[in-house]
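Asks: The structure's right below; bear with me while I get my questions together.
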Amino acid sequence: MKTMNKIQTAAAGLAVVLAMSACGGAATGTSETEVRKTQNTRDVSEGVQPDPAAVALLPEAYKAKGELTVAMDLSSPPMTFLAEDNTTPIGVNPDLARLVAKKLGLKLKFENTAFDTIVPGIDGGRYDFTATTMSATEERLKVMDMINYLKGGSAVAVAKDNPLKLTNDSLCGKNIAVTKGSTQQLKHLPNVSKWTCEEKGQPAINAITLPNVQEALTQLDSKRVDGVFYDASALAWANDQQPNHFTILEPRMDTRTNTNVAMGVKKGSPLTPALQKAIQSVLETPEYKESLEYWGLGESAITEAAIR
């Protein structure tokens with residue numbers, strides 16, 4: 001085995017810390033509240049009753065099966081990750097997926113899969129739906145019906161104390177990491193690059209595509225990228241877990257694009273009407289707001305489960 005240099009060692013250390021925030025022990029500096037959250041395997045849907053109107057729309061095949069399969073990339077706290085038991089899915093998306101299943105009177109089966117494989121999996125019939133912090137892009141809408149369930153937002157993380165003095169408007173020509181298959185890669189960063197840089201005669205933002213946010217933040221820590229463009233909630237969580245490694249630019253990035261987050265189901269699926277009705281029913285429950293508040297996302301609540 002080759003000996004790691006200091007930069008590699010520091011990067012590896014950060015990767016371990018970030019991974020632990022998702023599925024292991026808490027990092028140094030983590031608050032007691034956050035530790036409890038990573039240990040808490042409570043089921044927010046306990047006691048929630050089916051919605052007769054949603055159940056009435058459910059295709060007979062699903063009623064007979066009695067179960068829905070939801071695809072998630074369980075690597076992005078606080079939205080979607082594993083508790084410290086390394087088994088139980090927790091976070092906003094698992095909470096809301098459980099509530100949707102309860103509204104339909106069905107059991108829920110989680111499938112943990114890489115983010116960029118979820119859409120092909122939905123299109124190919126391997127999963128019934130996805131709830132994994134995904135927004136509706138033109139490409140996704142070609143193969144999926146997408147139903148809004150909360151508001152999202154993106155932010156940029158830079159090196160600690162921002163030595164390059166970067167702002168949301170001065171990323172032209174910089175190496176900015178995005179995660180493979182994310183909305184930041186597919187839609188937001190190209191749009192930001194166009195209106196903040198290219199239309200003003202500045203060099204485009206150089207997108208560095210990486211497999212997940214842990215790898216992106218590791219590369220930021222080792223100065224191999226200038227910034228990380230990702231979901232604001234996930235960056236805030238990572239910063240809480242390891243507060244001395246990076247700085248999050250404020251305010252959130254103005255992407256000039258729709259930031260609603262949507263659940264996805266195969267385009268034209270007979271499940272779509274029932275799923276939309278169930279999501280709308282969830283938005284009207286106290287458990288919906290309870291989950292968002294618990295994970296620090298109270299401002300992300302919406303009231304209409306619109307189909308895109």
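Residues in the structure tokens are numbered from 1 in each chain, the chains being A, B, ... in the order shown, and ligands are numbered from 1 in the order shown.
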So that I can see what lies close to Asn168 (chain A), please list as number ranges by chain the residues with an atom at most 10 Å from it, counting only C-alpha atoms and leaving out residues fewer than 5 positions away in the same chain.
Replies: A: 155-156, 192, 196, 249-255
Asks: Would you list the contacts of Val55 (chain A) as a list in words, taking every protein, DNA or RNA residue within 9 Å and counting only C-alpha atoms, but skipping same-chain residues closer than 4 positions in sequence?
Replies: Pro50, Asp51, Pro59, Lys63, Lys103, Leu104, Gly105, Ala274, Lys277 and Ala278 of chain A
Asks: Quick check for you: according to DSSP on this backbone, which residues of region 8-151 of chain A are classed as alpha helix (DSSP H)? Reply as a ChimeraX atom specification.
Replies: /A:8-23,32-39,52-56,60-65,92-103,115-123,138-141
Asks: Go ahead and write the residues just picked, C-alpha atoms, as a short mmCIF file (atom, residue, chain, number, x, y, z; two decimals), in the first residue's frame.
Replies:
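File written: out.cif
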data_model
loop_
_atom_site.label_atom_id
_atom_site.label_comp_id
_atom_site.auth_asym_id
_atom_site.auth_seq_id
_atom_site.Cartn_x
_atom_site.Cartn_y
_atom_site.Cartn_z
CA GLN A 8 -4.37 12.76 0.99
CA THR A 9 -4.48 12.01 4.71
CA ALA A 10 -6.52 15.13 5.45
CA ALA A 11 -8.89 14.36 2.60
CA ALA A 12 -9.32 10.79 3.74
CA GLY A 13 -10.03 12.02 7.25
CA LEU A 14 -12.75 14.35 6.05
CA ALA A 15 -14.28 11.59 3.94
CA VAL A 16 -14.49 9.38 7.03
CA VAL A 17 -16.07 12.18 9.05
CA LEU A 18 -18.67 12.89 6.37
CA ALA A 19 -19.46 9.21 5.95
CA MET A 20 -19.88 8.89 9.72
CA SER A 21 -22.40 11.72 9.68
CA ALA A 22 -24.50 9.59 7.35
CA CYS A 23 -24.10 6.10 8.77
CA GLU A 32 -26.04 16.55 21.04
CA THR A 33 -29.14 17.37 19.00
CA GLU A 34 -27.53 16.20 15.77
CA VAL A 35 -26.22 13.04 17.47
CA ARG A 36 -29.72 12.18 18.60
CA LYS A 37 -31.02 12.71 15.09
CA THR A 38 -28.53 10.28 13.59
CA GLN A 39 -29.53 7.73 16.22
CA PRO A 52 -59.72 6.74 1.14
CA ALA A 53 -59.59 9.06 -1.89
CA ALA A 54 -55.97 8.10 -2.59
CA VAL A 55 -56.62 4.40 -2.03
CA ALA A 56 -59.58 4.54 -4.44
CA GLU A 60 -55.52 -3.17 -8.34
CA ALA A 61 -52.05 -4.58 -9.01
CA TYR A 62 -50.59 -2.41 -6.24
CA LYS A 63 -53.42 -3.24 -3.85
CA ALA A 64 -52.80 -6.95 -4.46
CA LYS A 65 -49.04 -6.58 -3.96
CA VAL A 92 -36.83 14.15 5.19
CA ASN A 93 -37.29 11.90 2.17
CA PRO A 94 -37.68 8.61 4.09
CA ASP A 95 -40.15 10.36 6.41
CA LEU A 96 -42.28 11.64 3.56
CA ALA A 97 -42.08 8.40 1.57
CA ARG A 98 -43.36 6.51 4.63
CA LEU A 99 -46.22 9.00 4.96
CA VAL A 100 -47.13 8.57 1.28
CA ALA A 101 -47.18 4.79 1.64
CA LYS A 102 -49.39 5.06 4.71
CA LYS A 103 -51.83 7.32 2.84
CA PHE A 115 -28.51 8.98 -7.69
CA ASP A 116 -27.72 8.84 -11.41
CA THR A 117 -29.20 5.32 -11.73
CA ILE A 118 -32.59 6.22 -10.25
CA VAL A 119 -34.23 7.72 -13.36
CA PRO A 120 -33.23 4.78 -15.62
CA GLY A 121 -34.46 2.45 -12.87
CA ILE A 122 -37.85 4.17 -12.73
CA ASP A 123 -38.10 4.15 -16.52
CA GLU A 138 -36.67 18.66 -19.17
CA GLU A 139 -34.73 15.40 -19.47
CA ARG A 140 -36.40 13.77 -16.46
CA LEU A 141 -39.87 14.84 -17.55
#
Asks: One decimal, Å: what's the distance from CA of Ala131 (chain A) over to CA of Met263 (chain A), could you say?
Replies: 4.7 Å
Asks: Between CA of Gln241 (chain A) and CA of Pro211 (chain A), what is the distance in Å, rounded to a tenth?
Replies: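 Separation of CA of Gln241 (chain A) and CA of Pro211 (chain A): 20.4 Å.
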Asks: Taking only C-alpha atoms into account, which of A:Asp226, A:Glu111, A:Glu304, A:Asp43 comes nearest Pro163 (chain A)?
Replies: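 Of all the options, A:Asp226 lies closest to Pro163 (chain A).
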Asks: Using only C-alpha atoms, which residue out of A:Pro270, A:Pro243, A:Pro203, A:Gly91 lies closest to Leu292 (chain A)?
Replies: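 For Leu292 (chain A), the nearest of the given residues is A:Gly91.
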Asks: Name the residues in contact with Lys267 (chain A) at a cut-off of 6 Å, using only C-alpha atoms, excluding same-chain residues fewer than 5 positions from it; report them as a PyMOL selection string.
Replies: chain A and resi 143-145
Asks: Quick one, how far is CA of Leu217 (chain A) from CA of Thr113 (chain A)?
Replies: 20.4 Å
Asks: Hey, which of A:Leu164, A:Gln219, A:Trp237, A:Lys151 ends up closest to Gly298 (chain A)? Count only C-alpha atoms.
Replies: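 Between A:Leu164, A:Gln219, A:Trp237, A:Lys151, the residue approaching Gly298 (chain A) most closely is A:Lys151.
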